[in-house]
Amino acid sequence: MDIYRKAQRHLARRDPILKELIARVGPCTLQPDSQDRLALLVRAIISQQISTKAARSIHGRLQEALGEGGISALAILAAADEVLRGAGLSAAKTRALRDLADKVHSAAVPLHDLDELADEEVIARLIPVRGIGRWTAEMFLIFSLGRLDVLPVADLGLRAGVQRQYGLRKLPDHARLEKLAEPWRPYRSVGTWYIWRSGGPVPQSAAKGKPPGPA
């Protein structure tokens with residue numbers, strides 16, 4: 001995408017650490033998916049406080065448990081607690097998915113009516129859902145709506161990556177991370193992607209050297 005090339009040039013000019021990282025990693029291959037917004041929020045809720053491997057496993061079992069139609073608001077609402085818990089969901093995440101499904105089904109949270117809203121307005125729409133805090137809403141902004149200037153300061157992967165790449169003695173707190181990333185504006189999402197990518201694969205990103213396709 002042209003916008004990512006523009007972002008890469010901006011970041012490389014403004015931050016020498018990112019300049020080296022961009023040269024090493026190559027083009028940003030993030031592929032936001034604006035179509036299946038419910039599924040993205042479900043994945044984000046599942047992923048909270050567990051490893052990527054565990055989250056992927058639970059998500060796969062949940063898809064299988066919900067049947068041929070896959071993950072949908074109606075399927076989640078119709079499933080018994082035993083089915084959701086049997087997929088590996090905790091009691092808290094089961095309640096969160098039910099609340100999300102209920103609010104989406106009733107249009108209390110209209111997921112397909114968010115594109116014209118500012119980032120903070122989108123976050124305000126999402127956080128009334130049980131289990132969705134600011135971090136989950138920020139992941140939605142980046143991976144679903146493709147917003148370019150999101151800095152998820154509470155994300156442990158970002159904080160650990162910044163500590164590693166910038167040679168910091170300890171994990172940066174929110175204030176230090178915001179100050180360090182100020183030169184990245186208006187492409188803090190892309191800067192965040194490069195920090196994530198320095199530690200391994202990033203969801204919804206094409207493999208290096210391969211054309212974009214389904215994540």
# chains A, B, ... in the order shown; residues from 1 in each chain; ligands from 1
>>> residues_around(residues="A:Arg130", least_positions_apart="3", cutoff="9 Å", atoms="only C-alpha atoms", output="compact mmCIF listing (two decimals) with N, CA and C atoms, in the first residue's frame")
# COMPACT_ATOMS: atom_id res chain seq x y z
N ALA A 92 -14.80 -15.83 32.67
CA ALA A 92 -14.84 -14.39 32.39
C ALA A 92 -14.90 -14.13 30.89
N LYS A 93 -14.13 -14.87 30.11
CA LYS A 93 -14.14 -14.65 28.67
C LYS A 93 -15.43 -15.17 28.04
N ARG A 95 -18.37 -14.94 29.51
CA ARG A 95 -19.31 -13.85 29.75
C ARG A 95 -19.04 -12.68 28.82
N ALA A 96 -17.76 -12.41 28.56
CA ALA A 96 -17.41 -11.30 27.67
C ALA A 96 -17.91 -11.56 26.25
N LEU A 97 -17.71 -12.77 25.75
CA LEU A 97 -18.16 -13.07 24.39
C LEU A 97 -19.68 -13.02 24.29
N ARG A 98 -20.36 -13.47 25.32
CA ARG A 98 -21.83 -13.40 25.30
C ARG A 98 -22.30 -11.94 25.30
N ASP A 99 -21.65 -11.11 26.10
CA ASP A 99 -22.04 -9.70 26.14
C ASP A 99 -21.76 -9.02 24.80
N LEU A 100 -20.62 -9.33 24.20
CA LEU A 100 -20.30 -8.79 22.88
C LEU A 100 -21.34 -9.23 21.86
N ILE A 127 -15.81 0.08 24.59
CA ILE A 127 -15.45 -0.31 25.95
C ILE A 127 -16.63 -0.58 26.88
N GLY A 133 -11.47 -3.53 26.96
CA GLY A 133 -10.88 -2.32 27.51
C GLY A 133 -10.19 -1.55 26.39
>>> residues_around(residues="A:Arg159", least_positions_apart="2", cutoff="9 Å", atoms="only C-alpha atoms", output="MDAnalysis selection string")
chainID A and resid 153:157 161:164 171:174 177 195
>>> select_by_dssp(residues="stretch 86-174 of chain A", states="alpha helix (DSSP H)", output="ChimeraX atom specification")
/A:86,91-105,119-126,134-143,156-165,174
>>> closest_residue(among="A:Gln31, A:Gln8, A:Gln63, A:Ser106", to="A:Gln204", atoms="only C-alpha atoms")
A:Gln31
>>> residues_around(residues="stretch 48-57 of chain A", least_positions_apart="6", cutoff="10 Å", atoms="only C-alpha atoms", output="list in words")
Ala87, Gly88, Leu89, Lys93, Gly131, Ile132, Trp135, Thr136, Leu156 and Pro203 of chain A
>>> residues_around(residues="A:Leu30", least_positions_apart="5", cutoff="9 Å", atoms="only C-alpha atoms", output="compact mmCIF listing (two decimals) with all heavy atoms, in the first residue's frame")
# COMPACT_ATOMS: atom_id res chain seq x y z
N TYR A 4 1.62 2.84 3.37
CA TYR A 4 2.66 2.23 4.19
C TYR A 4 4.06 2.63 3.73
O TYR A 4 4.97 2.81 4.54
CB TYR A 4 2.51 0.70 4.19
CG TYR A 4 1.30 0.20 4.96
CD1 TYR A 4 0.69 -1.00 4.63
CD2 TYR A 4 0.77 0.94 6.00
CE1 TYR A 4 -0.41 -1.46 5.34
CE2 TYR A 4 -0.33 0.49 6.71
CZ TYR A 4 -0.92 -0.70 6.38
OH TYR A 4 -2.01 -1.15 7.08
N PHE A 143 -6.18 -3.39 13.49
CA PHE A 143 -6.32 -4.59 12.67
C PHE A 143 -7.63 -4.66 11.90
O PHE A 143 -7.73 -5.43 10.95
CB PHE A 143 -6.14 -5.84 13.53
CG PHE A 143 -4.74 -6.04 14.01
CD1 PHE A 143 -4.41 -5.85 15.34
CD2 PHE A 143 -3.73 -6.42 13.14
CE1 PHE A 143 -3.12 -6.03 15.80
CE2 PHE A 143 -2.44 -6.61 13.57
CZ PHE A 143 -2.12 -6.41 14.90
N GLY A 146 -7.86 -0.23 10.31
CA GLY A 146 -6.67 0.23 9.60
C GLY A 146 -6.24 1.63 9.99
O GLY A 146 -5.63 2.34 9.17
N VAL A 190 2.09 2.08 12.43
CA VAL A 190 3.10 1.43 11.59
C VAL A 190 4.40 1.28 12.39
O VAL A 190 5.06 0.23 12.32
CB VAL A 190 3.33 2.22 10.29
CG1 VAL A 190 4.35 1.51 9.40
CG2 VAL A 190 2.01 2.40 9.54
N TRP A 193 3.86 -1.63 14.53
CA TRP A 193 3.97 -2.87 13.77
C TRP A 193 5.44 -3.29 13.63
O TRP A 193 5.77 -4.47 13.79
CB TRP A 193 3.35 -2.69 12.38
CG TRP A 193 3.32 -3.95 11.56
CD1 TRP A 193 2.33 -4.89 11.53
CD2 TRP A 193 4.34 -4.42 10.67
NE1 TRP A 193 2.66 -5.90 10.66
CE2 TRP A 193 3.88 -5.64 10.12
CE3 TRP A 193 5.57 -3.92 10.27
CZ2 TRP A 193 4.64 -6.36 9.20
CZ3 TRP A 193 6.33 -4.64 9.36
CH2 TRP A 193 5.86 -5.85 8.84
N VAL A 202 3.50 -11.00 12.97
CA VAL A 202 2.41 -10.16 13.44
C VAL A 202 1.13 -10.63 12.78
O VAL A 202 1.12 -10.87 11.57
CB VAL A 202 2.67 -8.67 13.10
CG1 VAL A 202 1.52 -7.80 13.60
CG2 VAL A 202 3.98 -8.20 13.70
N PRO A 203 0.03 -10.80 13.55
CA PRO A 203 -1.23 -11.21 12.93
C PRO A 203 -1.63 -10.30 11.78
O PRO A 203 -1.33 -9.11 11.77
CB PRO A 203 -2.23 -11.10 14.08
CG PRO A 203 -1.40 -11.27 15.32
CD PRO A 203 -0.09 -10.62 15.00
N GLN A 204 -2.33 -10.90 10.81
CA GLN A 204 -2.86 -10.18 9.65
C GLN A 204 -1.76 -9.45 8.87
O GLN A 204 -1.92 -8.32 8.42
CB GLN A 204 -3.96 -9.21 10.06
CG GLN A 204 -5.21 -9.91 10.55
CD GLN A 204 -6.31 -8.97 10.98
OE1 GLN A 204 -7.00 -9.24 11.94
NE2 GLN A 204 -6.50 -7.89 10.26
N SER A 205 -0.63 -10.11 8.73
CA SER A 205 0.47 -9.58 7.94
C SER A 205 0.90 -10.64 6.94
O SER A 205 1.02 -11.82 7.29
CB SER A 205 1.66 -9.20 8.84
OG SER A 205 1.29 -8.21 9.78
N ALA A 206 1.13 -10.22 5.70
CA ALA A 206 1.59 -11.15 4.68
C ALA A 206 3.02 -11.56 4.98
O ALA A 206 3.81 -10.79 5.55
CB ALA A 206 1.51 -10.50 3.30
N PRO A 212 0.01 -9.95 -0.93
CA PRO A 212 -1.03 -9.93 0.09
C PRO A 212 -2.10 -10.97 -0.22
O PRO A 212 -2.43 -11.26 -1.35
CB PRO A 212 -1.60 -8.51 -0.03
CG PRO A 212 -0.50 -7.71 -0.63
CD PRO A 212 0.20 -8.64 -1.56
